[in-house]
Amino acid sequence: MLNVLIIGATSAIAEATARRYAARGARLFLVARNTTRLADIAADLRVRGAVDVGEAMLDVCRFDTHAGVLDQAWKQLGSVDVVLIAHGTLPNQGACEQSVETALAEFATNGTATIALMTALAPRLEAQGRGVLAVISSVAGDRGRQSNYLYGAAKAAVSTFASGLRQRLAKVGVNVVTIKPGFVDTPMTRDFRKGALWASPASVARGIVRAADRGSSVVYLPWFWLPIMLIIRHIPEFVFKRINL
């Protein structure tokens, strides 16, 4: 039986991922800030087949509380097979440009908090000698763009940290998977105009579970973001400065 810990469990992608694990009869421990929404999701997962669903409240930016919540998860699950870190916000780039305080707060939520959680999780998984740590980064972290470079910088930090942690933990049987979604149709992006490049939370969740099962290292979801980002990463800087992305 799979034991799954999901942090940021009220996000659309996390909820869709939890549903896939619930259908397998997994035991789940859900962590998020909105306890009312968390309770609703837990009840739904029990109906969908989850054997057991635990819950804990966490404000990811309160780093001093991380260890206590992870202790609760390990106490309830005994051991953890899969951890998914899925929390995040989509900052207003313009607001970040006008306020140092806003910029740093958004970086803390999308970058520092994720790194803090991965740091706290690593020794627990290392002690088990097995498990998967999947972390949601973003294609935005592959190259800074004027439209969202605060968000992209935070995700780049997460991706680089995950790369180093993956190399470290691979030696003890723990796999770190970096998930890089492109545009996803979620409540966080409800005001965006949608197009052919947009994916549903359910399809991204399917890719996350498949990557965890296969022991993947880095996955772009959907797959076509890999060639797209290869092209964007290789645009010469003197050209990149003249285009709008």
# chains A, B, ... in the order shown; residues from 1 in each chain; ligands from 1
>>> closest_atom_pairs(of="segment 133-185 of chain A", to="segment 210-231 of chain A", cutoff="12 Å", atoms="only C-alpha atoms", output="Markdown table")
| residue | atom | partner | partner_atom | distance |
| --- | --- | --- | --- | --- |
| A:Leu133 | CA | A:Ala212 | CA | 8.2 |
| A:Ala134 | CA | A:Ala212 | CA | 7.1 |
| A:Val135 | CA | A:Val218 | CA | 9.9 |
| A:Ile136 | CA | A:Val219 | CA | 9.9 |
| A:Ser137 | CA | A:Tyr220 | CA | 9.8 |
| A:Ser138 | CA | A:Tyr220 | CA | 8.4 |
| A:Val139 | CA | A:Met229 | CA | 7.1 |
| A:Ala140 | CA | A:Met229 | CA | 9.0 |
| A:Gly141 | CA | A:Met229 | CA | 9.9 |
| A:Asp142 | CA | A:Met229 | CA | 7.0 |
| A:Arg143 | CA | A:Met229 | CA | 8.3 |
| A:Gly144 | CA | A:Met229 | CA | 11.5 |
| A:Arg145 | CA | A:Met229 | CA | 11.9 |
| A:Ser159 | CA | A:Val218 | CA | 9.1 |
| A:Thr160 | CA | A:Val218 | CA | 11.2 |
| A:Ala162 | CA | A:Ser217 | CA | 9.5 |
| A:Ser163 | CA | A:Ser217 | CA | 8.4 |
| A:Gly164 | CA | A:Ser217 | CA | 11.4 |
| A:Leu165 | CA | A:Ser217 | CA | 11.1 |
| A:Arg166 | CA | A:Ser217 | CA | 7.8 |
| A:Gln167 | CA | A:Ser217 | CA | 9.9 |
| A:Leu169 | CA | A:Ser217 | CA | 11.9 |
| A:Ala170 | CA | A:Ser217 | CA | 10.2 |
| A:Gly173 | CA | A:Gly215 | CA | 10.5 |
| A:Val174 | CA | A:Gly215 | CA | 9.3 |
| A:Asn175 | CA | A:Gly215 | CA | 6.4 |
| A:Val176 | CA | A:Ser217 | CA | 6.4 |
| A:Val177 | CA | A:Ser217 | CA | 4.7 |
| A:Thr178 | CA | A:Val218 | CA | 4.7 |
| A:Ile179 | CA | A:Val219 | CA | 5.3 |
| A:Lys180 | CA | A:Tyr220 | CA | 4.7 |
| A:Pro181 | CA | A:Leu221 | CA | 4.5 |
| A:Gly182 | CA | A:Leu221 | CA | 6.3 |
| A:Phe183 | CA | A:Leu221 | CA | 9.0 |
| A:Val184 | CA | A:Leu221 | CA | 9.3 |
>>> select_by_dssp(residues="segment 68-189 of chain A", states="alpha helix (DSSP H)", output="ChimeraX atom specification")
/A:68-77,93-98,100-107,113-128,149-170
>>> atom_distance(atom1="atom CA of Val158 of chain A", atom2="atom CA of Gly88 of chain A")
11.7 Å
>>> closest_residue(among="A:Pro123, A:Arg168, A:Arg193, A:Gly8", to="Asn110 of chain A", atoms="only C-alpha atoms")
A:Gly8
>>> residues_around(residues="Asp44 of chain A", least_positions_apart="3", cutoff="12 Å", atoms="only C-alpha atoms", output="tab-separated table (two decimals) with N, CA, C and O atoms, in the first residue's frame")
chain	number	residue	atom	x	y	z
A	15	GLU	N	-4.70	18.28	-5.94
A	15	GLU	CA	-5.95	17.56	-5.72
A	15	GLU	C	-6.14	16.48	-6.79
A	15	GLU	O	-6.54	15.34	-6.47
A	16	ALA	N	-5.84	16.83	-8.04
A	16	ALA	CA	-5.98	15.84	-9.11
A	16	ALA	C	-5.00	14.68	-8.92
A	16	ALA	O	-5.33	13.52	-9.18
A	18	ALA	N	-3.82	13.66	-5.97
A	18	ALA	CA	-4.31	12.90	-4.81
A	18	ALA	C	-5.44	11.96	-5.23
A	18	ALA	O	-5.54	10.83	-4.73
A	19	ARG	N	-6.28	12.40	-6.17
A	19	ARG	CA	-7.37	11.53	-6.64
A	19	ARG	C	-6.83	10.27	-7.31
A	19	ARG	O	-7.39	9.19	-7.16
A	22	ALA	N	-5.66	8.06	-4.55
A	22	ALA	CA	-6.81	7.53	-3.82
A	22	ALA	C	-7.42	6.34	-4.58
A	22	ALA	O	-7.84	5.34	-3.97
A	23	ALA	N	-7.48	6.46	-5.90
A	23	ALA	CA	-8.04	5.37	-6.72
A	23	ALA	C	-7.22	4.10	-6.60
A	23	ALA	O	-7.72	3.00	-6.86
A	37	ARG	N	-11.09	23.84	3.15
A	37	ARG	CA	-10.93	23.23	1.83
A	37	ARG	C	-10.22	21.88	1.95
A	37	ARG	O	-10.58	20.92	1.26
A	38	LEU	N	-9.26	21.82	2.85
A	38	LEU	CA	-8.52	20.57	3.06
A	38	LEU	C	-9.45	19.46	3.53
A	38	LEU	O	-9.37	18.32	3.06
A	39	ALA	N	-10.34	19.78	4.45
A	39	ALA	CA	-11.29	18.78	4.98
A	39	ALA	C	-12.22	18.29	3.88
A	39	ALA	O	-12.55	17.09	3.80
A	40	ASP	N	-12.65	19.20	3.00
A	40	ASP	CA	-13.53	18.81	1.89
A	40	ASP	C	-12.82	17.85	0.94
A	40	ASP	O	-13.39	16.85	0.49
A	41	ILE	N	-11.55	18.16	0.63
A	41	ILE	CA	-10.79	17.30	-0.28
A	41	ILE	C	-10.56	15.93	0.36
A	41	ILE	O	-10.68	14.89	-0.29
A	47	VAL	N	-14.02	8.83	-0.25
A	47	VAL	CA	-15.06	8.25	-1.11
A	47	VAL	C	-14.45	7.63	-2.35
A	47	VAL	O	-14.92	6.60	-2.86
A	48	ARG	N	-13.37	8.23	-2.85
A	48	ARG	CA	-12.73	7.76	-4.08
A	48	ARG	C	-11.82	6.55	-3.89
A	48	ARG	O	-11.23	6.07	-4.84
A	49	GLY	N	-11.66	6.10	-2.63
A	49	GLY	CA	-10.92	4.86	-2.43
A	49	GLY	C	-9.72	4.93	-1.52
A	49	GLY	O	-9.10	3.90	-1.25
A	50	ALA	N	-9.36	6.13	-1.05
A	50	ALA	CA	-8.22	6.22	-0.14
A	50	ALA	C	-8.52	5.45	1.14
A	50	ALA	O	-9.61	5.56	1.71
A	51	VAL	N	-7.55	4.65	1.58
A	51	VAL	CA	-7.76	3.84	2.79
A	51	VAL	C	-7.81	4.71	4.03
A	51	VAL	O	-8.59	4.48	4.96
A	52	ASP	N	-6.95	5.73	4.05
A	52	ASP	CA	-6.88	6.63	5.19
A	52	ASP	C	-6.41	7.99	4.69
A	52	ASP	O	-5.57	8.06	3.79
A	53	VAL	N	-6.93	9.08	5.25
A	53	VAL	CA	-6.50	10.42	4.86
A	53	VAL	C	-6.30	11.26	6.12
A	53	VAL	O	-7.25	11.54	6.85
>>> residues_around(residues="Ser203 of chain A", least_positions_apart="2", cutoff="9 Å", atoms="only C-alpha atoms", output="ChimeraX atom specification")
/A:13,16,199-201,205-208,221-222
>>> write_last_selection(atoms="C-alpha atoms", output="compact mmCIF listing (two decimals), in the first residue's frame")
# COMPACT_ATOMS: atom_id res chain seq x y z
CA ILE A 13 -2.82 19.93 -9.57
CA ALA A 16 -5.98 15.84 -9.11
CA ALA A 199 -3.20 21.63 -20.06
CA SER A 200 -5.72 20.46 -17.50
CA PRO A 201 -4.77 19.68 -13.87
CA ALA A 205 -1.45 14.88 -12.41
CA ARG A 206 -1.28 11.85 -14.68
CA GLY A 207 2.23 12.91 -15.70
CA ILE A 208 3.31 13.43 -12.08
CA LEU A 221 4.22 18.52 -18.66
CA PRO A 222 2.89 18.26 -21.25
>>> select_by_dssp(residues="segment 15-197 of chain A", states="strand (DSSP E or B)", output="VMD selection string")
chain A and resid 27 to 32 52 to 57 82 to 85 131 to 136 174 to 181 184
>>> decode(residues="segment 4-103 of chain A", atoms="C-alpha atoms", output="PDB file, in the first residue's frame")
ATOM      1  CA  VAL A   4       1.660   9.549   0.090  1.00  0.00           C
ATOM      2  CA  LEU A   5       2.345  12.978   1.611  1.00  0.00           C
ATOM      3  CA  ILE A   6       1.120  16.007  -0.347  1.00  0.00           C
ATOM      4  CA  ILE A   7       2.110  19.552   0.651  1.00  0.00           C
ATOM      5  CA  GLY A   8       0.008  22.285  -0.889  1.00  0.00           C
ATOM      6  CA  ALA A   9      -2.787  19.751  -1.178  1.00  0.00           C
ATOM      7  CA  THR A  10      -5.521  22.278  -2.001  1.00  0.00           C
ATOM      8  CA  SER A  11      -3.980  23.294  -5.325  1.00  0.00           C
ATOM      9  CA  ALA A  12      -5.798  22.014  -8.403  1.00  0.00           C
ATOM     10  CA  ILE A  13      -2.818  19.928  -9.566  1.00  0.00           C
ATOM     11  CA  ALA A  14      -2.274  18.462  -6.092  1.00  0.00           C
ATOM     12  CA  GLU A  15      -5.950  17.560  -5.725  1.00  0.00           C
ATOM     13  CA  ALA A  16      -5.976  15.841  -9.114  1.00  0.00           C
ATOM     14  CA  THR A  17      -2.826  13.933  -8.160  1.00  0.00           C
ATOM     15  CA  ALA A  18      -4.314  12.901  -4.815  1.00  0.00           C
ATOM     16  CA  ARG A  19      -7.374  11.532  -6.642  1.00  0.00           C
ATOM     17  CA  ARG A  20      -5.154   9.251  -8.720  1.00  0.00           C
ATOM     18  CA  TYR A  21      -3.466   7.896  -5.600  1.00  0.00           C
ATOM     19  CA  ALA A  22      -6.810   7.526  -3.821  1.00  0.00           C
ATOM     20  CA  ALA A  23      -8.040   5.372  -6.723  1.00  0.00           C
ATOM     21  CA  ARG A  24      -5.093   3.062  -5.985  1.00  0.00           C
ATOM     22  CA  GLY A  25      -6.219   2.701  -2.379  1.00  0.00           C
ATOM     23  CA  ALA A  26      -3.306   4.723  -1.007  1.00  0.00           C
ATOM     24  CA  ARG A  27      -2.978   6.187   2.457  1.00  0.00           C
ATOM     25  CA  LEU A  28      -2.674   9.968   2.197  1.00  0.00           C
ATOM     26  CA  PHE A  29      -1.543  12.789   4.440  1.00  0.00           C
ATOM     27  CA  LEU A  30      -2.575  16.225   3.171  1.00  0.00           C
ATOM     28  CA  VAL A  31      -1.004  19.525   4.173  1.00  0.00           C
ATOM     29  CA  ALA A  32      -2.271  22.996   3.292  1.00  0.00           C
ATOM     30  CA  ARG A  33      -3.155  26.376   4.780  1.00  0.00           C
ATOM     31  CA  ASN A  34      -6.921  26.345   4.108  1.00  0.00           C
ATOM     32  CA  THR A  35      -8.269  23.803   6.603  1.00  0.00           C
ATOM     33  CA  THR A  36     -11.873  23.990   5.413  1.00  0.00           C
ATOM     34  CA  ARG A  37     -10.927  23.231   1.826  1.00  0.00           C
ATOM     35  CA  LEU A  38      -8.516  20.572   3.059  1.00  0.00           C
ATOM     36  CA  ALA A  39     -11.286  18.783   4.976  1.00  0.00           C
ATOM     37  CA  ASP A  40     -13.531  18.811   1.890  1.00  0.00           C
ATOM     38  CA  ILE A  41     -10.789  17.300  -0.277  1.00  0.00           C
ATOM     39  CA  ALA A  42     -10.005  14.637   2.356  1.00  0.00           C
ATOM     40  CA  ALA A  43     -13.658  13.592   2.527  1.00  0.00           C
ATOM     41  CA  ASP A  44     -13.805  13.333  -1.263  1.00  0.00           C
ATOM     42  CA  LEU A  45     -10.634  11.201  -1.384  1.00  0.00           C
ATOM     43  CA  ARG A  46     -12.047   8.753   1.157  1.00  0.00           C
ATOM     44  CA  VAL A  47     -15.062   8.250  -1.107  1.00  0.00           C
ATOM     45  CA  ARG A  48     -12.731   7.761  -4.085  1.00  0.00           C
ATOM     46  CA  GLY A  49     -10.923   4.864  -2.432  1.00  0.00           C
ATOM     47  CA  ALA A  50      -8.221   6.224  -0.139  1.00  0.00           C
ATOM     48  CA  VAL A  51      -7.758   3.836   2.789  1.00  0.00           C
ATOM     49  CA  ASP A  52      -6.884   6.634   5.195  1.00  0.00           C
ATOM     50  CA  VAL A  53      -6.505  10.419   4.857  1.00  0.00           C
ATOM     51  CA  GLY A  54      -4.755  12.565   7.456  1.00  0.00           C
ATOM     52  CA  GLU A  55      -4.693  16.341   7.445  1.00  0.00           C
ATOM     53  CA  ALA A  56      -2.525  19.108   8.871  1.00  0.00           C
ATOM     54  CA  MET A  57      -2.540  22.880   8.552  1.00  0.00           C
ATOM     55  CA  LEU A  58       0.663  24.555   7.398  1.00  0.00           C
ATOM     56  CA  ASP A  59       1.628  28.058   6.340  1.00  0.00           C
ATOM     57  CA  VAL A  60       4.686  27.163   4.254  1.00  0.00           C
ATOM     58  CA  CYS A  61       6.305  30.523   5.011  1.00  0.00           C
ATOM     59  CA  ARG A  62       6.440  29.692   8.728  1.00  0.00           C
ATOM     60  CA  PHE A  63       9.606  27.658   8.429  1.00  0.00           C
ATOM     61  CA  ASP A  64       9.734  26.960  12.174  1.00  0.00           C
ATOM     62  CA  THR A  65       6.572  24.826  11.873  1.00  0.00           C
ATOM     63  CA  HIS A  66       7.750  22.571   9.029  1.00  0.00           C
ATOM     64  CA  ALA A  67       9.411  19.945  11.220  1.00  0.00           C
ATOM     65  CA  GLY A  68       6.333  19.529  13.426  1.00  0.00           C
ATOM     66  CA  VAL A  69       4.007  18.918  10.486  1.00  0.00           C
ATOM     67  CA  LEU A  70       6.416  16.450   8.884  1.00  0.00           C
ATOM     68  CA  ASP A  71       6.636  14.633  12.212  1.00  0.00           C
ATOM     69  CA  GLN A  72       2.821  14.333  12.194  1.00  0.00           C
ATOM     70  CA  ALA A  73       2.881  12.893   8.675  1.00  0.00           C
ATOM     71  CA  TRP A  74       5.518  10.293   9.505  1.00  0.00           C
ATOM     72  CA  LYS A  75       3.739   9.400  12.740  1.00  0.00           C
ATOM     73  CA  GLN A  76       0.459   8.749  10.907  1.00  0.00           C
ATOM     74  CA  LEU A  77       1.890   7.048   7.816  1.00  0.00           C
ATOM     75  CA  GLY A  78       4.783   5.222   9.459  1.00  0.00           C
ATOM     76  CA  SER A  79       6.887   5.656   6.337  1.00  0.00           C
ATOM     77  CA  VAL A  80       6.371   7.700   3.191  1.00  0.00           C
ATOM     78  CA  ASP A  81       6.660   6.321  -0.344  1.00  0.00           C
ATOM     79  CA  VAL A  82       5.881   9.514  -2.263  1.00  0.00           C
ATOM     80  CA  VAL A  83       6.083  13.177  -1.264  1.00  0.00           C
ATOM     81  CA  LEU A  84       4.646  15.844  -3.556  1.00  0.00           C
ATOM     82  CA  ILE A  85       5.415  19.517  -2.889  1.00  0.00           C
ATOM     83  CA  ALA A  86       2.817  21.473  -4.818  1.00  0.00           C
ATOM     84  CA  HIS A  87       2.200  24.788  -3.064  1.00  0.00           C
ATOM     85  CA  GLY A  88       2.712  28.088  -4.838  1.00  0.00           C
ATOM     86  CA  THR A  89       1.350  31.425  -5.946  1.00  0.00           C
ATOM     87  CA  LEU A  90       1.423  33.276  -9.248  1.00  0.00           C
ATOM     88  CA  PRO A  91       2.874  36.695  -8.408  1.00  0.00           C
ATOM     89  CA  ASN A  92       1.922  39.903 -10.147  1.00  0.00           C
ATOM     90  CA  GLN A  93       5.202  40.807 -11.843  1.00  0.00           C
ATOM     91  CA  GLY A  94       4.324  44.511 -11.900  1.00  0.00           C
ATOM     92  CA  ALA A  95       3.618  44.536  -8.159  1.00  0.00           C
ATOM     93  CA  CYS A  96       6.929  42.772  -7.516  1.00  0.00           C
ATOM     94  CA  GLU A  97       8.742  45.439  -9.531  1.00  0.00           C
ATOM     95  CA  GLN A  98       7.205  48.180  -7.353  1.00  0.00           C
ATOM     96  CA  SER A  99       7.827  46.661  -3.929  1.00  0.00           C
ATOM     97  CA  VAL A 100      10.880  44.927  -2.531  1.00  0.00           C
ATOM     98  CA  GLU A 101       8.710  43.549   0.265  1.00  0.00           C
ATOM     99  CA  THR A 102       6.244  41.995  -2.197  1.00  0.00           C
ATOM    100  CA  ALA A 103       9.031  40.582  -4.362  1.00  0.00           C
TER     101      ALA A 103
END
